[in-house]
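Chemist: Got a structure for you, questions after.
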Amino acid sequence: MSLVSFTNTLESYEAELRTDIGKGFEVDKILDLIFSLYVPKFHADCLLALLGFFKHYLSSSSDAPLASMLSKLETSLLRFYVIHVIQCNRNDNVVNFFTLYGVELL
């Protein structure tokens, strides 16, 4: 394998990581995505998609403590989202959130 092929492969892999919903499981990038984009810009659909992705990905694991931790994390992030939206006086987004996802969250 030549250096050029390796470099192209590495660049391709890095591009995939940047577009991956899980951000390559890089914690700092995932947190940045949640707290710098999804919550402040009221992207509940993206936040729920990300949480659903992790739930689906980690549900194949038989690790009960991990599943419990993920459930608590999901609950905390959704509470944080709703509180943030209320504090920003965006009641329309709160109503929209519960209209679209209320049944799903029960």
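The chains in the structure tokens are called A, B, ... from first to last as shown; in each chain the residues are counted from 1, and the ligands are counted from 1 in the order shown.
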Just want the 8 Å neighbourhood of region 79-89 of chain A, counted on only C-alpha atoms, with same-chain residues fewer than 3 positions away dropped. Output as a PDB file with N, CA and C atoms, in the first residue's frame.
Modeler:
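Listed below is the output, around-v5.pdb:
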```
ATOM      1  N   VAL A  39     -29.607  21.741  21.056  1.00  0.00           N
ATOM      2  CA  VAL A  39     -30.400  22.394  22.105  1.00  0.00           C
ATOM      3  C   VAL A  39     -30.557  23.888  21.839  1.00  0.00           C
ATOM      4  N   PRO A  40     -29.475  24.646  21.610  1.00  0.00           N
ATOM      5  CA  PRO A  40     -29.653  26.089  21.417  1.00  0.00           C
ATOM      6  C   PRO A  40     -30.474  26.466  20.179  1.00  0.00           C
ATOM      7  N   PHE A  42     -32.916  24.606  18.992  1.00  0.00           N
ATOM      8  CA  PHE A  42     -34.224  23.959  19.141  1.00  0.00           C
ATOM      9  C   PHE A  42     -34.450  22.829  18.127  1.00  0.00           C
ATOM     10  N   ALA A  44     -35.090  19.526  18.278  1.00  0.00           N
ATOM     11  CA  ALA A  44     -35.520  18.360  19.060  1.00  0.00           C
ATOM     12  C   ALA A  44     -35.477  17.096  18.220  1.00  0.00           C
ATOM     13  N   THR A  75     -33.237  10.829  29.601  1.00  0.00           N
ATOM     14  CA  THR A  75     -34.197  11.587  30.404  1.00  0.00           C
ATOM     15  C   THR A  75     -33.630  12.951  30.779  1.00  0.00           C
ATOM     16  N   SER A  76     -32.386  12.981  31.221  1.00  0.00           N
ATOM     17  CA  SER A  76     -31.757  14.241  31.627  1.00  0.00           C
ATOM     18  C   SER A  76     -31.607  15.200  30.456  1.00  0.00           C
ATOM     19  N   ASN A  93     -42.282  26.050  20.756  1.00  0.00           N
ATOM     20  CA  ASN A  93     -41.432  24.869  20.590  1.00  0.00           C
ATOM     21  C   ASN A  93     -41.738  23.802  21.632  1.00  0.00           C
ATOM     22  N   VAL A  94     -42.128  24.223  22.837  1.00  0.00           N
ATOM     23  CA  VAL A  94     -42.503  23.254  23.875  1.00  0.00           C
ATOM     24  C   VAL A  94     -43.761  22.506  23.436  1.00  0.00           C
TER      25      VAL A  94
END
```
Chemist: Please, which residues in region 44-104 of chain A fall within 12 Å of region 29-36 of chain A when counting only C-alpha atoms, and what is the closest atom pair and distance in Å to one decimal for each, ordered by chain then residue number, as a tab-separated table?
Modeler:
```
residue	atom	partner	partner_atom	distance
A:Ala44	CA	A:Ile34	CA	10.0
A:Asp45	CA	A:Ile34	CA	11.6
A:Cys46	CA	A:Ile34	CA	8.9
A:Leu47	CA	A:Ile34	CA	6.8
A:Leu48	CA	A:Ile34	CA	10.4
A:Ala49	CA	A:Ile34	CA	11.3
A:Leu50	CA	A:Ile34	CA	8.9
A:Leu51	CA	A:Ile34	CA	10.1
A:Phe54	CA	A:Ile30	CA	11.1
A:Glu74	CA	A:Ile34	CA	11.7
A:Leu77	CA	A:Ile34	CA	8.8
A:Leu78	CA	A:Ile34	CA	10.8
A:Phe80	CA	A:Phe35	CA	9.9
A:Tyr81	CA	A:Phe35	CA	9.4
A:His84	CA	A:Phe35	CA	10.6
```
Chemist: Please, what distance in Å, to one decimal, runs between CA of His43 (chain A) and CA of Phe97 (chain A)?
Modeler: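 A separation of 9.7 Å between them.
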Chemist: Using only C-alpha atoms, which of A:Phe98, A:Lys41, A:Leu70, A:Glu104 sits nearest Lys55 (chain A)?
Modeler: A:Leu70
Chemist: Taking the DSSP assignment computed from this structure's backbone, write out as a count of residues only all residues of region 24-100 of chain A that belong to helix (DSSP H, G or I).
Modeler: 64
